[in-house]
>>> print(open('entry-v8.txt').read())   # compact mmCIF, C-alpha atoms
# COMPACT_ATOMS: atom_id res chain seq x y z
CA MET Z 6 167.97 61.95 143.83
CA PRO Z 7 165.65 64.97 143.65
CA GLN Z 8 164.40 66.14 140.28
CA ARG Z 9 166.89 68.90 139.52
CA HIS Z 10 166.22 71.75 137.10
CA LEU Z 11 168.70 74.33 135.86
CA LEU Z 12 167.64 77.96 135.58
CA ILE Z 13 169.99 80.14 133.54
CA VAL Z 14 169.57 83.76 134.69
CA ALA Z 15 170.73 86.47 132.29
CA HIS Z 16 170.51 90.23 132.64
CA GLY Z 17 168.04 90.79 129.83
CA SER Z 18 168.27 93.36 127.07
CA ARG Z 19 166.06 95.79 125.17
CA ARG Z 20 167.51 94.12 122.11
CA GLN Z 21 165.37 91.01 121.54
CA ALA Z 22 168.11 89.25 119.58
CA SER Z 23 170.28 89.29 122.71
CA ASN Z 24 167.54 87.67 124.75
CA ASP Z 25 167.07 85.12 121.99
CA GLU Z 26 170.79 84.30 122.17
CA VAL Z 27 170.27 83.37 125.82
CA ARG Z 28 167.19 81.30 125.03
CA ALA Z 29 169.13 79.47 122.30
CA LEU Z 30 171.93 78.77 124.75
CA GLY Z 31 169.38 77.32 127.19
CA GLU Z 32 168.16 75.02 124.43
CA ARG Z 33 171.69 73.94 123.55
CA ILE Z 34 172.37 73.14 127.20
CA GLY Z 35 169.19 71.07 127.32
CA GLU Z 36 170.26 69.21 124.21
CA LEU Z 37 173.45 68.09 125.97
CA HIS Z 38 171.17 65.93 128.16
CA ASP Z 39 173.26 66.14 131.30
CA PRO Z 40 172.05 63.18 133.38
CA ALA Z 41 172.02 65.32 136.54
CA ILE Z 42 169.73 67.96 135.03
CA HIS Z 43 166.10 67.10 134.34
CA ARG Z 44 165.24 70.30 132.49
CA VAL Z 45 166.75 73.66 131.55
CA GLU Z 46 164.95 77.00 131.69
CA VAL Z 47 166.08 80.60 131.25
CA ALA Z 48 164.97 83.74 133.07
CA PHE Z 49 165.93 87.41 133.02
CA LEU Z 50 166.72 89.87 135.78
CA GLU Z 51 165.04 92.67 133.85
CA LEU Z 52 163.91 93.87 130.41
CA ALA Z 53 162.83 90.43 129.22
CA GLU Z 54 160.53 87.57 130.13
CA PRO Z 55 160.26 85.39 132.06
CA SER Z 56 161.38 87.14 135.23
CA ILE Z 57 163.36 85.22 137.85
CA PRO Z 58 160.24 84.55 139.99
CA ASP Z 59 158.35 83.37 136.90
CA GLY Z 60 161.27 81.19 135.81
CA LEU Z 61 161.50 79.58 139.24
CA ALA Z 62 157.72 79.04 139.33
CA ARG Z 63 157.91 77.46 135.89
CA CYS Z 64 160.49 74.97 137.20
CA VAL Z 65 158.24 74.12 140.16
CA ASP Z 66 155.23 73.68 137.88
CA GLN Z 67 157.28 71.19 135.89
CA GLY Z 68 158.08 69.15 138.97
CA ALA Z 69 161.41 70.56 140.13
CA GLU Z 70 162.43 69.50 143.64
CA GLU Z 71 165.77 71.26 143.36
CA ILE Z 72 166.65 74.27 141.21
CA ILE Z 73 170.18 75.30 140.36
CA VAL Z 74 170.33 78.96 139.41
CA PHE Z 75 173.23 79.82 137.11
CA PRO Z 76 174.01 83.56 136.75
CA TYR Z 77 174.88 84.07 133.09
CA PHE Z 78 177.04 87.08 133.86
CA LEU Z 79 180.69 87.68 133.13
CA ALA Z 80 181.35 89.81 136.19
CA ALA Z 81 180.32 89.49 139.84
CA GLY Z 82 178.67 92.91 140.12
CA THR Z 83 175.63 94.02 142.08
CA HIS Z 84 173.28 91.89 140.00
CA VAL Z 85 175.14 88.71 140.88
CA ALA Z 86 175.97 89.68 144.45
CA ASN Z 87 172.64 91.20 145.51
CA ASP Z 88 169.78 91.18 143.01
CA ILE Z 89 169.74 87.49 142.15
CA PRO Z 90 170.18 86.29 145.77
CA GLN Z 91 167.31 88.61 146.81
CA ALA Z 92 165.02 87.11 144.20
CA LEU Z 93 165.93 83.62 145.39
CA ALA Z 94 165.31 84.50 149.03
CA ALA Z 95 161.82 85.73 148.21
CA PHE Z 96 161.14 82.49 146.34
CA GLY Z 97 162.43 80.42 149.27
CA GLU Z 98 159.88 81.99 151.58
CA ARG Z 99 157.06 81.02 149.24
CA TYR Z 100 158.33 77.54 148.35
CA PRO Z 101 160.24 76.25 151.37
CA ASP Z 102 160.11 72.66 150.11
CA VAL Z 103 162.05 73.38 146.91
CA ARG Z 104 165.80 73.53 147.34
CA VAL Z 105 167.39 76.39 145.42
CA ARG Z 106 171.14 76.49 144.93
CA LEU Z 107 173.03 79.41 143.44
CA ALA Z 108 175.93 78.48 141.18
CA ALA Z 109 178.96 80.70 140.64
CA HIS Z 110 178.52 83.19 137.80
CA LEU Z 111 179.78 82.34 134.32
CA GLY Z 112 182.84 84.59 134.60
CA ALA Z 113 184.08 82.50 137.52
CA SER Z 114 184.03 79.22 135.55
CA THR Z 115 187.43 77.66 135.56
CA SER Z 116 186.83 76.32 132.05
CA LEU Z 117 186.16 79.78 130.55
CA ALA Z 118 189.78 80.30 129.54
CA ARG Z 119 189.61 77.10 127.52
CA THR Z 120 186.27 78.22 126.02
CA VAL Z 121 187.91 81.40 124.72
CA LEU Z 122 190.73 79.42 123.12
CA ASP Z 123 188.18 77.03 121.61
CA GLY Z 124 186.45 80.03 120.04
CA VAL Z 125 189.74 81.25 118.60
CA GLY Z 126 190.53 77.77 117.36
CA GLU Z 127 187.24 77.64 115.50
CA MET Z 128 188.48 80.51 113.30
CA GLY Z 129 190.90 78.10 111.66
CA MET Q 7 203.77 81.17 110.78
CA PRO Q 8 203.33 84.80 111.86
CA GLN Q 9 203.73 85.72 115.51
CA ARG Q 10 200.10 85.70 116.63
CA HIS Q 11 198.82 87.56 119.69
CA LEU Q 12 195.38 87.32 121.24
CA LEU Q 13 193.64 90.48 122.44
CA ILE Q 14 190.63 89.87 124.70
CA VAL Q 15 188.32 92.89 124.42
CA ALA Q 16 185.84 93.39 127.27
CA HIS Q 17 183.33 96.17 127.81
CA GLY Q 18 184.99 97.65 130.89
CA SER Q 19 183.29 98.62 134.13
CA ARG Q 20 183.37 101.38 136.75
CA ARG Q 21 183.77 98.53 139.19
CA GLN Q 22 187.48 97.76 139.22
CA ALA Q 23 186.95 94.22 140.47
CA SER Q 24 185.08 93.44 137.24
CA ASN Q 25 187.98 94.71 135.15
CA ASP Q 26 190.35 92.67 137.30
CA GLU Q 27 188.24 89.57 136.58
CA VAL Q 28 188.92 90.13 132.88
CA ARG Q 29 192.62 90.66 133.48
CA ALA Q 30 192.76 87.47 135.53
CA LEU Q 31 191.04 85.60 132.72
CA GLY Q 32 193.64 86.92 130.28
CA GLU Q 33 196.37 85.57 132.53
CA ARG Q 34 194.67 82.18 132.81
CA ILE Q 35 194.39 82.00 129.02
CA GLY Q 36 198.09 82.82 128.75
CA GLU Q 37 198.92 80.09 131.25
CA LEU Q 38 197.25 77.52 128.99
CA HIS Q 39 200.17 78.13 126.60
CA ASP Q 40 198.25 77.53 123.40
CA PRO Q 41 200.97 76.82 120.83
CA ALA Q 42 199.21 79.00 118.24
CA ILE Q 43 199.14 82.08 120.51
CA HIS Q 44 202.38 83.86 121.32
CA ARG Q 45 200.98 86.22 123.92
CA VAL Q 46 197.63 87.23 125.45
CA GLU Q 47 196.58 90.80 126.26
CA VAL Q 48 193.33 92.37 127.39
CA ALA Q 49 191.76 95.70 126.43
CA PHE Q 50 188.53 97.53 127.21
CA LEU Q 51 186.00 99.29 125.04
CA GLU Q 52 185.42 101.94 127.69
CA LEU Q 53 185.71 102.75 131.41
CA ALA Q 54 189.00 100.88 131.89
CA GLU Q 55 192.53 100.74 130.57
CA PRO Q 56 194.07 99.87 128.23
CA SER Q 57 191.75 101.00 125.45
CA ILE Q 58 191.42 98.91 122.29
CA PRO Q 59 193.91 101.11 120.35
CA ASP Q 60 196.37 100.92 123.25
CA GLY Q 61 195.91 97.17 123.55
CA LEU Q 62 196.54 96.69 119.82
CA ALA Q 63 199.60 98.95 119.98
CA ARG Q 64 200.90 96.96 122.93
CA CYS Q 65 200.66 93.78 120.86
CA VAL Q 66 202.57 95.43 118.01
CA ASP Q 67 205.24 96.71 120.41
CA GLN Q 68 205.70 93.13 121.58
CA GLY Q 69 206.25 91.88 118.05
CA ALA Q 70 202.79 90.79 116.93
CA GLU Q 71 202.47 90.13 113.21
CA GLU Q 72 198.89 88.96 113.56
CA ILE Q 73 196.38 89.92 116.25
CA ILE Q 74 193.23 87.97 116.97
CA VAL Q 75 190.66 90.15 118.69
CA PHE Q 76 188.22 88.22 120.85
CA PRO Q 77 185.10 90.13 121.96
CA TYR Q 78 184.47 89.05 125.56
CA PHE Q 79 180.75 89.77 125.30
CA LEU Q 80 177.80 87.47 125.82
CA ALA Q 81 175.57 89.16 123.25
CA ALA Q 82 176.19 90.48 119.74
CA GLY Q 83 174.97 94.02 120.38
CA THR Q 84 176.18 97.34 119.03
CA HIS Q 85 179.52 97.05 120.79
CA VAL Q 86 180.31 93.79 119.04
CA ALA Q 87 178.73 94.68 115.70
CA ASN Q 88 179.93 98.28 115.36
CA ASP Q 89 182.22 99.68 118.04
CA ILE Q 90 184.89 97.00 118.04
CA PRO Q 91 185.08 96.72 114.22
CA GLN Q 92 185.40 100.51 114.01
CA ALA Q 93 188.33 100.49 116.41
CA LEU Q 94 189.99 97.73 114.38
CA ALA Q 95 189.48 99.60 111.10
CA ALA Q 96 191.19 102.68 112.52
CA PHE Q 97 194.11 100.53 113.63
CA GLY Q 98 194.35 98.88 110.21
CA GLU Q 99 194.86 102.26 108.58
CA ARG Q 100 197.77 103.02 110.88
CA TYR Q 101 199.37 99.55 110.83
CA PRO Q 102 198.63 98.02 107.44
CA ASP Q 103 201.32 95.38 107.88
CA VAL Q 104 199.74 93.80 110.94
CA ARG Q 105 196.93 91.40 110.21
CA VAL Q 106 193.98 91.82 112.56
CA ARG Q 107 191.28 89.17 112.71
CA LEU Q 108 188.05 89.49 114.63
CA ALA Q 109 186.83 86.34 116.34
CA ALA Q 110 183.17 85.62 117.10
CA HIS Q 111 182.04 86.98 120.46
CA LEU Q 112 182.06 84.73 123.51
CA GLY Q 113 178.29 84.22 123.47
CA ALA Q 114 178.59 82.56 120.05
CA SER Q 115 181.08 79.93 121.22
CA THR Q 116 179.74 76.49 120.55
CA SER Q 117 181.43 75.21 123.72
CA LEU Q 118 179.64 77.70 125.99
CA ALA Q 119 176.79 75.30 126.75
CA ARG Q 120 179.32 72.79 128.00
CA THR Q 121 181.06 75.54 130.02
CA VAL Q 122 177.81 76.27 131.85
CA LEU Q 123 177.33 72.59 132.70
CA ASP Q 124 180.95 72.40 133.86
CA GLY Q 125 180.24 75.29 136.21
CA VAL Q 126 177.19 73.52 137.57
CA GLY Q 127 179.16 70.29 137.92
CA GLU Q 128 181.77 72.08 140.02
CA MET Q 129 179.09 72.69 142.66
CA GLY Q 130 179.18 69.01 143.51
>>> encode(input="entry-v8.txt", output="structure tokens")
Amino acid sequence: MPQRHLLIVAHGSRRQASNDEVRALGERIGELHDPAIHRVEVAFLELAEPSIPDGLARCVDQGAEEIIVFPYFLAAGTHVANDIPQALAAFGERYPDVRVRLAAHLGASTSLARTVLDGVGEMG
Amino acid sequence: MPQRHLLIVAHGSRRQASNDEVRALGERIGELHDPAIHRVEVAFLELAEPSIPDGLARCVDQGAEEIIVFPYFLAAGTHVANDIPQALAAFGERYPDVRVRLAAHLGASTSLARTVLDGVGEMG
């Protein structure tokens, strides 16, 4: 099985705390130690670092043979439909030996409805 | 136990498909038939209908005695910290008998890390 890395791609914000929320989520995902995922990184479409190309390169530097890109977006707008695929295509031309797979965006997750109810349940 | 309704509050988008994604999520949450939630509605901060005041009023019209407001936002920015609480405060002055509780925003859900991995797992 190829060494598979997960790259969480968020929009990025001028507000650093929002970017830090994404970074913290990436760490929490890593701490779940999914056996199918060797390592978890985060990247940002704009306004924050690392960029998507830098995030992908970081995965490769760490030995990734396959990278799953997860769009951390609630809606399937232009960013999800166009911008992220474009960034991946450019990477694919430079690194043809690394398989890159684009996951569905967060808003399309079938378990999101349950996640919302879990959040409500945590209120007590 | 008071009749409790859940109001999912999203940002709202000029892109109608994004608003429809939120509405579809609201329906999926309703279909989970959480025993603690009588009914699920959605509302939008801007750019889409219903507004937060209209969404709250709709809950009241349907018999809500308690409304849980769930900010469907990934980051705790100004919208979550200021705009939504302001809308709730205005409602509270008009409907003092209806208890309104503000849940943590989606990005703060402890189960979100698992949700991301579930999404990746669905890729096969």
>>> atom_distance(input="entry-v8.txt", atom1="CA of Leu112 in chain Q", atom2="CA of Tyr78 in chain Q")
5.4 Å
>>> closest_residue(input="entry-v8.txt", among="Z:Gly35, Z:Pro90, Z:Gly97, Z:Pro7", to="chain Q", atoms="only C-alpha atoms")
Z:Gly35
>>> atom_distance(input="entry-v8.txt", atom1="CA of Val74 in chain Z", atom2="CA of Val121 in chain Z")
23.0 Å
>>> atom_distance(input="entry-v8.txt", atom1="CA of Leu12 in chain Q", atom2="CA of Ile43 in chain Q")
6.5 Å
>>> interface_residues(input="entry-v8.txt", of="chain Q", to="chain Z", cutoff="10 Å", atoms="only C-alpha atoms", output="compact mmCIF listing (two decimals) with C-alpha atoms, in the frame of the given file")
# COMPACT_ATOMS: atom_id res chain seq x y z
CA LEU Q 12 195.38 87.32 121.24
CA ILE Q 14 190.63 89.87 124.70
CA ALA Q 16 185.84 93.39 127.27
CA SER Q 19 183.29 98.62 134.13
CA ARG Q 21 183.77 98.53 139.19
CA ALA Q 23 186.95 94.22 140.47
CA SER Q 24 185.08 93.44 137.24
CA ASN Q 25 187.98 94.71 135.15
CA ASP Q 26 190.35 92.67 137.30
CA GLU Q 27 188.24 89.57 136.58
CA VAL Q 28 188.92 90.13 132.88
CA ALA Q 30 192.76 87.47 135.53
CA LEU Q 31 191.04 85.60 132.72
CA GLY Q 32 193.64 86.92 130.28
CA GLU Q 33 196.37 85.57 132.53
CA ARG Q 34 194.67 82.18 132.81
CA ILE Q 35 194.39 82.00 129.02
CA GLY Q 36 198.09 82.82 128.75
CA GLU Q 37 198.92 80.09 131.25
CA LEU Q 38 197.25 77.52 128.99
CA ASP Q 40 198.25 77.53 123.40
CA ALA Q 42 199.21 79.00 118.24
CA ILE Q 43 199.14 82.08 120.51
CA ILE Q 74 193.23 87.97 116.97
CA VAL Q 75 190.66 90.15 118.69
CA PHE Q 76 188.22 88.22 120.85
CA PRO Q 77 185.10 90.13 121.96
CA TYR Q 78 184.47 89.05 125.56
CA PHE Q 79 180.75 89.77 125.30
CA LEU Q 80 177.80 87.47 125.82
CA ALA Q 81 175.57 89.16 123.25
CA ALA Q 82 176.19 90.48 119.74
CA GLY Q 83 174.97 94.02 120.38
CA THR Q 84 176.18 97.34 119.03
CA ARG Q 107 191.28 89.17 112.71
CA LEU Q 108 188.05 89.49 114.63
CA ALA Q 109 186.83 86.34 116.34
CA ALA Q 110 183.17 85.62 117.10
CA HIS Q 111 182.04 86.98 120.46
CA LEU Q 112 182.06 84.73 123.51
CA GLY Q 113 178.29 84.22 123.47
CA ALA Q 114 178.59 82.56 120.05
CA SER Q 115 181.08 79.93 121.22
CA THR Q 116 179.74 76.49 120.55
CA SER Q 117 181.43 75.21 123.72
CA LEU Q 118 179.64 77.70 125.99
CA ALA Q 119 176.79 75.30 126.75
CA ARG Q 120 179.32 72.79 128.00
CA THR Q 121 181.06 75.54 130.02
CA VAL Q 122 177.81 76.27 131.85
CA LEU Q 123 177.33 72.59 132.70
CA ASP Q 124 180.95 72.40 133.86
CA GLY Q 125 180.24 75.29 136.21
CA VAL Q 126 177.19 73.52 137.57
CA GLY Q 127 179.16 70.29 137.92
CA GLU Q 128 181.77 72.08 140.02
CA MET Q 129 179.09 72.69 142.66
>>> residues_around(input="entry-v8.txt", residues="range 52-64 of chain Q", least_positions_apart="4", cutoff="8 Å", atoms="all atoms listed in the file", output="VMD selection string")
chain Q and resid 13 15 17 to 20 25 47 to 48 68 73 93 to 94 97
>>> residues_around(input="entry-v8.txt", residues="Asp103 in chain Q", least_positions_apart="2", cutoff="8 Å", atoms="all atoms listed in the file", output="PyMOL selection string")
chain Q and resi 71+101+105
>>> axis_aligned_box(input="entry-v8.txt", around="range 103-111 of chain Q", padding_each_side="4 Å", output="AutoDock Vina command-line options")
--center_x 191.7 --center_y 90.5 --center_z 114.2 --size_x 27.3 --size_y 17.8 --size_z 20.6
>>> build_atoms(input="entry-v8.txt", residues="range 42-69 of chain Q", atoms="N, CA and C atoms", output="PDB file, in the frame of the given file")
ATOM      1  N   ALA Q  42     199.491  78.089 119.352  1.00  0.00           N
ATOM      2  CA  ALA Q  42     199.210  79.000 118.240  1.00  0.00           C
ATOM      3  C   ALA Q  42     199.191  80.467 118.668  1.00  0.00           C
ATOM      4  N   ILE Q  43     199.253  80.713 119.976  1.00  0.00           N
ATOM      5  CA  ILE Q  43     199.140  82.080 120.510  1.00  0.00           C
ATOM      6  C   ILE Q  43     200.434  82.449 121.223  1.00  0.00           C
ATOM      7  N   HIS Q  44     201.106  83.476 120.722  1.00  0.00           N
ATOM      8  CA  HIS Q  44     202.380  83.860 121.320  1.00  0.00           C
ATOM      9  C   HIS Q  44     202.182  84.573 122.647  1.00  0.00           C
ATOM     10  N   ARG Q  45     201.176  85.400 122.723  1.00  0.00           N
ATOM     11  CA  ARG Q  45     200.980  86.220 123.920  1.00  0.00           C
ATOM     12  C   ARG Q  45     199.513  86.641 124.008  1.00  0.00           C
ATOM     13  N   VAL Q  46     199.023  86.841 125.227  1.00  0.00           N
ATOM     14  CA  VAL Q  46     197.630  87.230 125.450  1.00  0.00           C
ATOM     15  C   VAL Q  46     197.586  88.583 126.157  1.00  0.00           C
ATOM     16  N   GLU Q  47     196.787  89.494 125.627  1.00  0.00           N
ATOM     17  CA  GLU Q  47     196.580  90.800 126.260  1.00  0.00           C
ATOM     18  C   GLU Q  47     195.088  91.030 126.420  1.00  0.00           C
ATOM     19  N   VAL Q  48     194.731  91.970 127.287  1.00  0.00           N
ATOM     20  CA  VAL Q  48     193.330  92.370 127.390  1.00  0.00           C
ATOM     21  C   VAL Q  48     193.221  93.860 127.110  1.00  0.00           C
ATOM     22  N   ALA Q  49     192.044  94.280 126.651  1.00  0.00           N
ATOM     23  CA  ALA Q  49     191.760  95.700 126.430  1.00  0.00           C
ATOM     24  C   ALA Q  49     190.277  95.923 126.705  1.00  0.00           C
ATOM     25  N   PHE Q  50     189.898  97.198 126.837  1.00  0.00           N
ATOM     26  CA  PHE Q  50     188.530  97.530 127.210  1.00  0.00           C
ATOM     27  C   PHE Q  50     187.958  98.559 126.253  1.00  0.00           C
ATOM     28  N   LEU Q  51     186.689  98.364 125.941  1.00  0.00           N
ATOM     29  CA  LEU Q  51     186.000  99.290 125.040  1.00  0.00           C
ATOM     30  C   LEU Q  51     185.856 100.660 125.686  1.00  0.00           C
ATOM     31  N   GLU Q  52     185.556 100.669 126.967  1.00  0.00           N
ATOM     32  CA  GLU Q  52     185.420 101.940 127.690  1.00  0.00           C
ATOM     33  C   GLU Q  52     185.556 101.690 129.176  1.00  0.00           C
ATOM     34  N   LEU Q  53     185.729 102.755 129.939  1.00  0.00           N
ATOM     35  CA  LEU Q  53     185.710 102.750 131.410  1.00  0.00           C
ATOM     36  C   LEU Q  53     186.921 102.096 132.061  1.00  0.00           C
ATOM     37  N   ALA Q  54     187.816 101.511 131.285  1.00  0.00           N
ATOM     38  CA  ALA Q  54     189.000 100.880 131.890  1.00  0.00           C
ATOM     39  C   ALA Q  54     190.149 100.931 130.891  1.00  0.00           C
ATOM     40  N   GLU Q  55     191.334 100.713 131.395  1.00  0.00           N
ATOM     41  CA  GLU Q  55     192.530 100.740 130.570  1.00  0.00           C
ATOM     42  C   GLU Q  55     193.169  99.361 130.513  1.00  0.00           C
ATOM     43  N   PRO Q  56     193.848  99.027 129.411  1.00  0.00           N
ATOM     44  CA  PRO Q  56     194.070  99.870 128.230  1.00  0.00           C
ATOM     45  C   PRO Q  56     192.849  99.879 127.302  1.00  0.00           C
ATOM     46  N   SER Q  57     192.773 100.918 126.487  1.00  0.00           N
ATOM     47  CA  SER Q  57     191.750 101.000 125.450  1.00  0.00           C
ATOM     48  C   SER Q  57     192.065  99.982 124.352  1.00  0.00           C
ATOM     49  N   ILE Q  58     191.150  99.829 123.415  1.00  0.00           N
ATOM     50  CA  ILE Q  58     191.420  98.910 122.290  1.00  0.00           C
ATOM     51  C   ILE Q  58     192.634  99.397 121.480  1.00  0.00           C
ATOM     52  N   PRO Q  59     192.720 100.673 121.096  1.00  0.00           N
ATOM     53  CA  PRO Q  59     193.910 101.110 120.350  1.00  0.00           C
ATOM     54  C   PRO Q  59     195.203 100.875 121.135  1.00  0.00           C
ATOM     55  N   ASP Q  60     195.163 101.139 122.450  1.00  0.00           N
ATOM     56  CA  ASP Q  60     196.370 100.920 123.250  1.00  0.00           C
ATOM     57  C   ASP Q  60     196.702  99.431 123.361  1.00  0.00           C
ATOM     58  N   GLY Q  61     195.678  98.608 123.472  1.00  0.00           N
ATOM     59  CA  GLY Q  61     195.910  97.170 123.550  1.00  0.00           C
ATOM     60  C   GLY Q  61     196.515  96.636 122.256  1.00  0.00           C
ATOM     61  N   LEU Q  62     195.990  97.104 121.126  1.00  0.00           N
ATOM     62  CA  LEU Q  62     196.540  96.690 119.820  1.00  0.00           C
ATOM     63  C   LEU Q  62     197.990  97.154 119.690  1.00  0.00           C
ATOM     64  N   ALA Q  63     198.233  98.409 120.091  1.00  0.00           N
ATOM     65  CA  ALA Q  63     199.600  98.950 119.980  1.00  0.00           C
ATOM     66  C   ALA Q  63     200.553  98.166 120.872  1.00  0.00           C
ATOM     67  N   ARG Q  64     200.064  97.757 122.023  1.00  0.00           N
ATOM     68  CA  ARG Q  64     200.900  96.960 122.930  1.00  0.00           C
ATOM     69  C   ARG Q  64     201.295  95.643 122.267  1.00  0.00           C
ATOM     70  N   CYS Q  65     200.334  95.027 121.576  1.00  0.00           N
ATOM     71  CA  CYS Q  65     200.660  93.780 120.860  1.00  0.00           C
ATOM     72  C   CYS Q  65     201.732  94.024 119.815  1.00  0.00           C
ATOM     73  N   VAL Q  66     201.584  95.124 119.064  1.00  0.00           N
ATOM     74  CA  VAL Q  66     202.570  95.430 118.010  1.00  0.00           C
ATOM     75  C   VAL Q  66     203.951  95.671 118.637  1.00  0.00           C
ATOM     76  N   ASP Q  67     203.974  96.424 119.726  1.00  0.00           N
ATOM     77  CA  ASP Q  67     205.240  96.710 120.410  1.00  0.00           C
ATOM     78  C   ASP Q  67     205.943  95.420 120.838  1.00  0.00           C
ATOM     79  N   GLN Q  68     205.134  94.408 121.116  1.00  0.00           N
ATOM     80  CA  GLN Q  68     205.700  93.130 121.580  1.00  0.00           C
ATOM     81  C   GLN Q  68     205.973  92.181 120.421  1.00  0.00           C
ATOM     82  N   GLY Q  69     205.836  92.680 119.200  1.00  0.00           N
ATOM     83  CA  GLY Q  69     206.250  91.880 118.050  1.00  0.00           C
ATOM     84  C   GLY Q  69     205.139  91.165 117.307  1.00  0.00           C
TER      85      GLY Q  69
END
